[in-house]
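First up is the structure itself, then whatever we jot down about it.
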Amino acid sequence: MLTELSIRNFAIIDEISFTLNEGLTVLTGETGAGKSIIIDAIKLLAGGRGSVEYVRYDTKKAEIQGLFTLESVNHPIYQTGSYYGIDIQDGMVVLQRVITAGGKSICRVNGKLVTLAILREFGSLLIDIHSQHETQSLMNAENHISLLDMYDDQKISKAKEDYLQLFRKLSALRKRYRELSENEQEMSQRLDLLQFQFNELEQAGLIPDEDTVLEEERLQLANFELIYKSLQDAYNALYGEQKGLEWLNVANQALQENRNYDHFIAEKAEEMSNHYFMIEELMYDVRNYTETLQYDPERLNEIEARLNEINRLKKKYGTTVEEMLEYMGKIEEEIEQITNKDSHLNKLQEDIEGIKKDAYLEAKQLHDLRKRAAASLTKDIHDELKGLYLENASFSVAFDTKNEQQSTDIYLHQNGFDYVNFLISTNAGEPLKELNKVVSGGELSRIMLALKTIFTKHQGITSVIFDEVDTGVSGRVAQGIAEKINQISEQSQVLCITHLPQVAAMSDTHILITKQEKSNRTYTSLQELPDKKKIEELSRMLTGTKLTDTAKDHAKELLELASNYKEK
């Protein structure tokens, strides 16, 4: 849920910061007080398009920041955060958006700079904003199949994953078939290039780890004098008259001669003897290794030339010898496939047909599961529409398929072979239409609320925002909308701008937005209303500016009815 929201220098807002609670929060106030401006700020926070017009006059930048808290550790935003290298700890996500007076937009997620597209990706997982004048995900037919799958995720997800495994194999085989089926001229040019590369690598005679071994040998030859001198100095310090090993032998003899008189001397005599022989062995190793060293300037030149050749090849075929050898193996295989193209195409075609049959069977199972889910979803939505006084409305899930190009075979895609579209008819006798063809604003609001009531719990959205979706309705319809919004708030946090007293009465938190003028500047302020002030605000919404006793009684009754409904 959206826990904290901070807005600074945004339109007529100077600086506000407030805490949001769970459940249903309503924003009310006079027209022009700044209600929609707050929603605009949240839209920008979720990755909406910005404009310098949002920057408050005579300021350098507008700043918006929101803290979101997550209850579920399985929320999809964790996967998104991991993909973009953004750490999400303690279930908290901070989105930040800054728009400068010069028109620059700066976006951050948990303090990390991101692009607007990435901010929008995070925002879409946290916030769902709905108003009468903009297309939402529920209106987009491309999203309907995903919504249907989410509706019965427990049964559909396993079948979908089984299908996707086969579909990915099928796609990979088809891609390879297309590559091998390119025109003869392109394939001939490709073959010439591959054969040139293979011959160049083969003639190089590369050996695994060759570059590493040569680098070590070059390092030794290039520093031969330093190496030889350090070994000679070490040997001379140990061997000879009055040198290290002779003095160690003196110490060893001193302890050995008197070891029978003292336990400590006996113990240390044994240690000294072992150390002496170890140092003596080390000295002989240094001497023997020094005698093997030979400076060979010709060998150094050979190594330099070989490394230059390897480095030249690295620029073309890989950063290491191992990568180049691996690439050599791949192009050898591709050369063989191109040279024997016809036999490989026949084998690929056989594999494609076999995988396609298996994928179709999985897609058919997926289709059957969706059909059953669609029947259940249709019943649930009809029940929701009745509660919104659309008794004559009819909802249906339409399924369609497409054929592959120049073929009678059914076209398989990422979601199987189904194309799903939600259809609606709001009046008896009228044909079913696509959702975006519904004309009436009041009907559209109710349809969207019915859909959101069902889908919100499946989408994982932490905050749902309604911007005056109740415009154009009244009476019992207004009460039905209030009840549906309350139901959605039981699954997700809901923030709602409303002019309906029925919706405001249903709120868990009621925030009044007002506008004042100070020193010829306009300021917007927010106030969370206690129960007494709620009654006054509801009265104003019922009658206008004049607060009558009748209006107050009606407001009290609305609050009581809302409380009774929520208790039930």
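To be explicit about the labels: the chains of the structure tokens are called A, B, and onward in the order shown, and within each one the residues are counted from 1, while ligands get numbers from 1 in the order they are shown.
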
Exercise for the section: Find the spatial neighbours of Gly91 (chain A), counting only C-alpha atoms, within a cut-off of 7 Å - ignore same-chain residues fewer than 3 positions away - and output them as a list of chain:residue names. Expected result: A:Thr69, A:Leu70, A:Glu71, A:Ile88

Pull all heavy atoms from the residues just selected and write them as a short mmCIF file (atom, residue, chain, number, x, y, z; two decimals), in the first residue's frame.
data_model
loop_
_atom_site.label_atom_id
_atom_site.label_comp_id
_atom_site.auth_asym_id
_atom_site.auth_seq_id
_atom_site.Cartn_x
_atom_site.Cartn_y
_atom_site.Cartn_z
N THR A 69 4.58 0.02 1.10
CA THR A 69 4.92 -1.13 1.93
C THR A 69 4.23 -2.37 1.37
O THR A 69 3.07 -2.31 0.95
CB THR A 69 4.49 -0.91 3.39
OG1 THR A 69 3.11 -0.57 3.43
CG2 THR A 69 5.29 0.22 4.01
N LEU A 70 4.96 -3.47 1.34
CA LEU A 70 4.46 -4.72 0.76
C LEU A 70 4.26 -5.75 1.87
O LEU A 70 5.12 -5.92 2.72
CB LEU A 70 5.45 -5.26 -0.27
CG LEU A 70 5.91 -4.26 -1.35
CD1 LEU A 70 7.05 -4.87 -2.15
CD2 LEU A 70 4.75 -3.90 -2.24
N GLU A 71 3.14 -6.43 1.82
CA GLU A 71 2.87 -7.47 2.82
C GLU A 71 3.36 -8.83 2.35
O GLU A 71 3.85 -9.62 3.13
CB GLU A 71 1.37 -7.53 3.12
CG GLU A 71 0.83 -6.29 3.84
CD GLU A 71 -0.64 -6.41 4.17
OE1 GLU A 71 -1.22 -7.48 3.88
OE2 GLU A 71 -1.20 -5.45 4.73
N ILE A 88 15.33 -4.46 -2.49
CA ILE A 88 14.09 -4.18 -1.77
C ILE A 88 14.16 -4.87 -0.42
O ILE A 88 14.14 -6.09 -0.33
CB ILE A 88 12.86 -4.67 -2.56
CG1 ILE A 88 12.78 -3.95 -3.91
CG2 ILE A 88 11.57 -4.43 -1.77
CD1 ILE A 88 11.68 -4.45 -4.82
#

Exercise for the section: Find the spatial neighbours of Tyr228 (chain A), counting only C-alpha atoms, within a cut-off of 12 Å - ignore same-chain residues fewer than 6 positions away - and output them as a ChimeraX atom specification. Expected result: /A:220-222,234-235,286-287,289-295

Atoms kept (all heavy atoms) for selection, written as a CSV table (one decimal), in the first residue's frame:
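For reference, part19.csv as written:
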chain,number,residue,atom,x,y,z
A,220,GLN,N,58.5,-14.2,-16.7
A,220,GLN,CA,59.8,-14.7,-16.1
A,220,GLN,C,61.0,-14.3,-17.0
A,220,GLN,O,62.0,-13.8,-16.4
A,220,GLN,CB,59.7,-16.2,-16.1
A,220,GLN,CG,61.0,-16.9,-15.4
A,220,GLN,CD,61.0,-18.3,-15.6
A,220,GLN,OE1,61.1,-18.8,-16.7
A,220,GLN,NE2,60.9,-19.1,-14.5
A,221,LEU,N,60.9,-14.4,-18.3
A,221,LEU,CA,62.1,-14.0,-19.1
A,221,LEU,C,62.3,-12.5,-19.1
A,221,LEU,O,63.5,-12.1,-19.2
A,221,LEU,CB,61.8,-14.5,-20.6
A,221,LEU,CG,61.9,-16.0,-20.8
A,221,LEU,CD1,61.5,-16.4,-22.2
A,221,LEU,CD2,63.3,-16.5,-20.6
A,222,ALA,N,61.3,-11.7,-19.1
A,222,ALA,CA,61.5,-10.3,-19.1
A,222,ALA,C,62.1,-9.8,-17.8
A,222,ALA,O,62.7,-8.7,-17.8
A,222,ALA,CB,60.1,-9.6,-19.3
A,234,ALA,N,69.6,-15.1,-2.0
A,234,ALA,CA,69.1,-16.0,-0.9
A,234,ALA,C,70.0,-17.1,-0.6
A,234,ALA,O,70.3,-17.5,0.6
A,234,ALA,CB,67.7,-16.5,-1.4
A,235,TYR,N,70.6,-17.7,-1.7
A,235,TYR,CA,71.5,-18.9,-1.5
A,235,TYR,C,72.8,-18.4,-0.7
A,235,TYR,O,73.2,-19.1,0.2
A,235,TYR,CB,71.8,-19.5,-2.8
A,235,TYR,CG,72.8,-20.6,-2.7
A,235,TYR,CD1,72.4,-21.9,-2.3
A,235,TYR,CD2,74.2,-20.5,-3.0
A,235,TYR,CE1,73.2,-23.0,-2.2
A,235,TYR,CE2,75.1,-21.5,-2.9
A,235,TYR,CZ,74.6,-22.8,-2.5
A,235,TYR,OH,75.4,-23.8,-2.4
A,286,VAL,N,66.8,-23.9,-3.9
A,286,VAL,CA,67.2,-22.6,-4.5
A,286,VAL,C,68.4,-22.8,-5.4
A,286,VAL,O,68.4,-22.2,-6.5
A,286,VAL,CB,67.4,-21.5,-3.4
A,286,VAL,CG1,68.0,-20.3,-4.0
A,286,VAL,CG2,66.1,-21.2,-2.7
A,287,ARG,N,69.4,-23.5,-5.0
A,287,ARG,CA,70.6,-23.7,-5.8
A,287,ARG,C,70.3,-24.4,-7.1
A,287,ARG,O,70.7,-24.0,-8.1
A,287,ARG,CB,71.6,-24.4,-5.0
A,287,ARG,CG,73.0,-24.6,-5.7
A,287,ARG,CD,73.9,-25.6,-5.0
A,287,ARG,NE,73.2,-27.0,-5.1
A,287,ARG,CZ,73.7,-28.0,-4.4
A,287,ARG,NH1,74.8,-27.9,-3.6
A,287,ARG,NH2,73.1,-29.2,-4.5
A,289,TYR,N,67.4,-24.9,-8.6
A,289,TYR,CA,66.5,-24.1,-9.5
A,289,TYR,C,67.3,-23.0,-10.2
A,289,TYR,O,67.1,-22.8,-11.4
A,289,TYR,CB,65.3,-23.5,-8.7
A,289,TYR,CG,64.3,-22.7,-9.6
A,289,TYR,CD1,63.5,-23.4,-10.5
A,289,TYR,CD2,64.3,-21.3,-9.6
A,289,TYR,CE1,62.6,-22.7,-11.3
A,289,TYR,CE2,63.4,-20.7,-10.4
A,289,TYR,CZ,62.6,-21.4,-11.3
A,289,TYR,OH,61.7,-20.7,-12.1
A,290,THR,N,68.2,-22.4,-9.5
A,290,THR,CA,69.0,-21.3,-10.1
A,290,THR,C,69.9,-21.9,-11.2
A,290,THR,O,70.0,-21.3,-12.3
A,290,THR,CB,70.0,-20.7,-9.0
A,290,THR,OG1,69.2,-20.2,-7.9
A,290,THR,CG2,70.8,-19.6,-9.6
A,291,GLU,N,70.4,-23.2,-11.1
A,291,GLU,CA,71.2,-23.8,-12.1
A,291,GLU,C,70.4,-24.1,-13.3
A,291,GLU,O,71.0,-24.2,-14.4
A,291,GLU,CB,71.8,-25.1,-11.5
A,291,GLU,CG,72.9,-24.8,-10.5
A,291,GLU,CD,73.5,-26.0,-9.9
A,291,GLU,OE1,72.9,-27.1,-10.1
A,291,GLU,OE2,74.4,-26.0,-9.1
A,292,THR,N,69.0,-24.2,-13.2
A,292,THR,CA,68.2,-24.6,-14.4
A,292,THR,C,67.9,-23.3,-15.2
A,292,THR,O,67.4,-23.4,-16.4
A,292,THR,CB,66.9,-25.2,-14.0
A,292,THR,OG1,66.1,-24.3,-13.2
A,292,THR,CG2,67.1,-26.5,-13.2
A,293,LEU,N,68.0,-22.1,-14.6
A,293,LEU,CA,67.6,-20.9,-15.3
A,293,LEU,C,68.6,-20.6,-16.4
A,293,LEU,O,69.8,-20.6,-16.3
A,293,LEU,CB,67.6,-19.7,-14.3
A,293,LEU,CG,66.5,-19.8,-13.2
A,293,LEU,CD1,66.6,-18.5,-12.3
A,293,LEU,CD2,65.1,-19.8,-13.9
A,294,GLN,N,68.0,-20.2,-17.5
A,294,GLN,CA,68.7,-19.8,-18.7
A,294,GLN,C,68.0,-18.7,-19.4
A,294,GLN,O,66.8,-18.7,-19.6
A,294,GLN,CB,68.9,-21.0,-19.7
A,294,GLN,CG,69.8,-22.1,-19.2
A,294,GLN,CD,70.0,-23.1,-20.3
A,294,GLN,OE1,69.3,-23.2,-21.3
A,294,GLN,NE2,71.0,-24.0,-20.1
A,295,TYR,N,68.7,-17.6,-19.7
A,295,TYR,CA,68.1,-16.5,-20.4
A,295,TYR,C,68.2,-16.7,-21.9
A,295,TYR,O,69.3,-16.9,-22.4
A,295,TYR,CB,68.9,-15.2,-20.0
A,295,TYR,CG,68.3,-14.0,-20.7
A,295,TYR,CD1,66.9,-13.6,-20.5
A,295,TYR,CD2,69.0,-13.3,-21.7
A,295,TYR,CE1,66.4,-12.5,-21.2
A,295,TYR,CE2,68.5,-12.2,-22.3
A,295,TYR,CZ,67.2,-11.8,-22.1
A,295,TYR,OH,66.6,-10.8,-22.7

Handout entry: Test item: residues at most 6 Å from region 15-24 of chain A, only C-alpha atoms, excluding those fewer than 5 positions along its chain, as an MDAnalysis selection string
Key = chainID A and resid 3:8 489 493:494 507:508

Quick one: residues within 10 Å of region 146-160 of chain A, only C-alpha atoms counted, chain neighbours fewer than 3 positions away excluded, as a JSON list (two decimals) with C-alpha atoms, in the first residue's frame?
[["chain", "number", "residue", "atom", "x", "y", "z"],
["A", 137, "SER", "CA", -5.58, -2.23, -18.38],
["A", 138, "LEU", "CA", -9.05, -3.74, -18.02],
["A", 141, "ALA", "CA", -8.29, -6.53, -24.95],
["A", 142, "GLU", "CA", -4.63, -7.62, -25.05],
["A", 143, "ASN", "CA", -4.72, -7.92, -21.25],
["A", 163, "TYR", "CA", 2.81, -25.29, -22.76],
["A", 164, "LEU", "CA", 5.45, -22.53, -22.61],
["A", 165, "GLN", "CA", 8.28, -25.04, -22.33],
["A", 362, "GLU", "CA", -1.00, -28.59, -24.26],
["A", 363, "ALA", "CA", -2.64, -25.49, -25.77],
["A", 364, "LYS", "CA", -5.92, -27.42, -26.09],
["A", 365, "GLN", "CA", -5.78, -28.35, -22.42],
["A", 366, "LEU", "CA", -5.10, -24.70, -21.61],
["A", 367, "HIS", "CA", -8.07, -23.69, -23.76],
["A", 368, "ASP", "CA", -10.40, -26.11, -21.94],
["A", 369, "LEU", "CA", -9.31, -24.77, -18.55],
["A", 370, "ARG", "CA", -9.90, -21.21, -19.73],
["A", 371, "LYS", "CA", -13.36, -22.10, -21.01],
["A", 372, "ARG", "CA", -14.33, -23.41, -17.57],
["A", 373, "ALA", "CA", -12.80, -20.35, -15.90],
["A", 374, "ALA", "CA", -14.68, -18.08, -18.34],
["A", 376, "SER", "CA", -17.31, -19.11, -13.69],
["A", 377, "LEU", "CA", -16.04, -15.56, -14.30],
["A", 397, "VAL", "CA", -15.81, -14.00, -22.68],
["A", 414, "GLN", "CA", 2.89, -17.36, -26.20],
["A", 415, "ASN", "CA", -0.55, -17.87, -24.61],
["A", 416, "GLY", "CA", -1.54, -20.97, -26.58],
["A", 420, "VAL", "CA", -9.67, -13.57, -25.49],
["A", 421, "ASN", "CA", -11.92, -10.53, -25.44],
["A", 422, "PHE", "CA", -14.38, -9.41, -22.76],
["A", 451, "LEU", "CA", -14.41, -6.11, -13.01],
["A", 454, "ILE", "CA", -13.15, -9.51, -8.97],
["A", 455, "PHE", "CA", -9.67, -8.93, -10.41],
["A", 456, "THR", "CA", -8.03, -6.70, -7.79],
["A", 457, "LYS", "CA", -7.27, -9.60, -5.45],
["A", 458, "HIS", "CA", -5.58, -11.47, -8.33],
["A", 459, "GLN", "CA", -3.51, -8.60, -9.76]]

Practice task
With a distance cut-off of 9 Å and only C-alpha atoms, select the neighbouring residues of Ile13 (chain A), excluding the residue or stretch itself and same-chain residues fewer than 5 positions from it, and output the selection as a ChimeraX atom specification.
Solution key: /A:7-8,34,37-38,56,522-525

Output the selection as a short mmCIF file (atom, residue, chain, number, x, y, z; two decimals), in the first residue's frame - N, CA and C atoms for each residue.
data_model
loop_
_atom_site.label_atom_id
_atom_site.label_comp_id
_atom_site.auth_asym_id
_atom_site.auth_seq_id
_atom_site.Cartn_x
_atom_site.Cartn_y
_atom_site.Cartn_z
N ILE A 7 4.59 15.73 -1.61
CA ILE A 7 4.51 16.51 -2.85
C ILE A 7 5.03 17.92 -2.56
N ARG A 8 5.91 18.41 -3.44
CA ARG A 8 6.50 19.72 -3.21
C ARG A 8 6.60 20.50 -4.52
N GLY A 34 -7.72 21.16 -5.56
CA GLY A 34 -6.45 20.44 -5.76
C GLY A 34 -6.57 18.94 -5.64
N ILE A 37 -5.16 17.29 -8.68
CA ILE A 37 -3.72 17.56 -8.76
C ILE A 37 -2.95 16.51 -7.97
N ILE A 38 -3.50 16.09 -6.85
CA ILE A 38 -2.84 15.04 -6.06
C ILE A 38 -2.80 13.73 -6.85
N ARG A 56 5.61 24.35 -9.97
CA ARG A 56 4.99 25.54 -9.39
C ARG A 56 5.74 26.80 -9.83
N THR A 522 -1.51 30.91 -4.08
CA THR A 522 -2.52 29.91 -3.74
C THR A 522 -1.83 28.69 -3.12
N TYR A 523 -2.43 28.17 -2.08
CA TYR A 523 -1.88 27.02 -1.37
C TYR A 523 -2.98 25.97 -1.17
N THR A 524 -2.59 24.71 -1.32
CA THR A 524 -3.50 23.60 -1.06
C THR A 524 -3.12 22.93 0.25
N SER A 525 -4.12 22.61 1.06
CA SER A 525 -3.85 21.94 2.33
C SER A 525 -4.79 20.75 2.50
#

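In this comparison, which uses only C-alpha atoms, the residue of A:Met92, A:Ala393, A:Ala237, A:Leu219 approaching Leu300 (chain A) most closely is A:Leu219.
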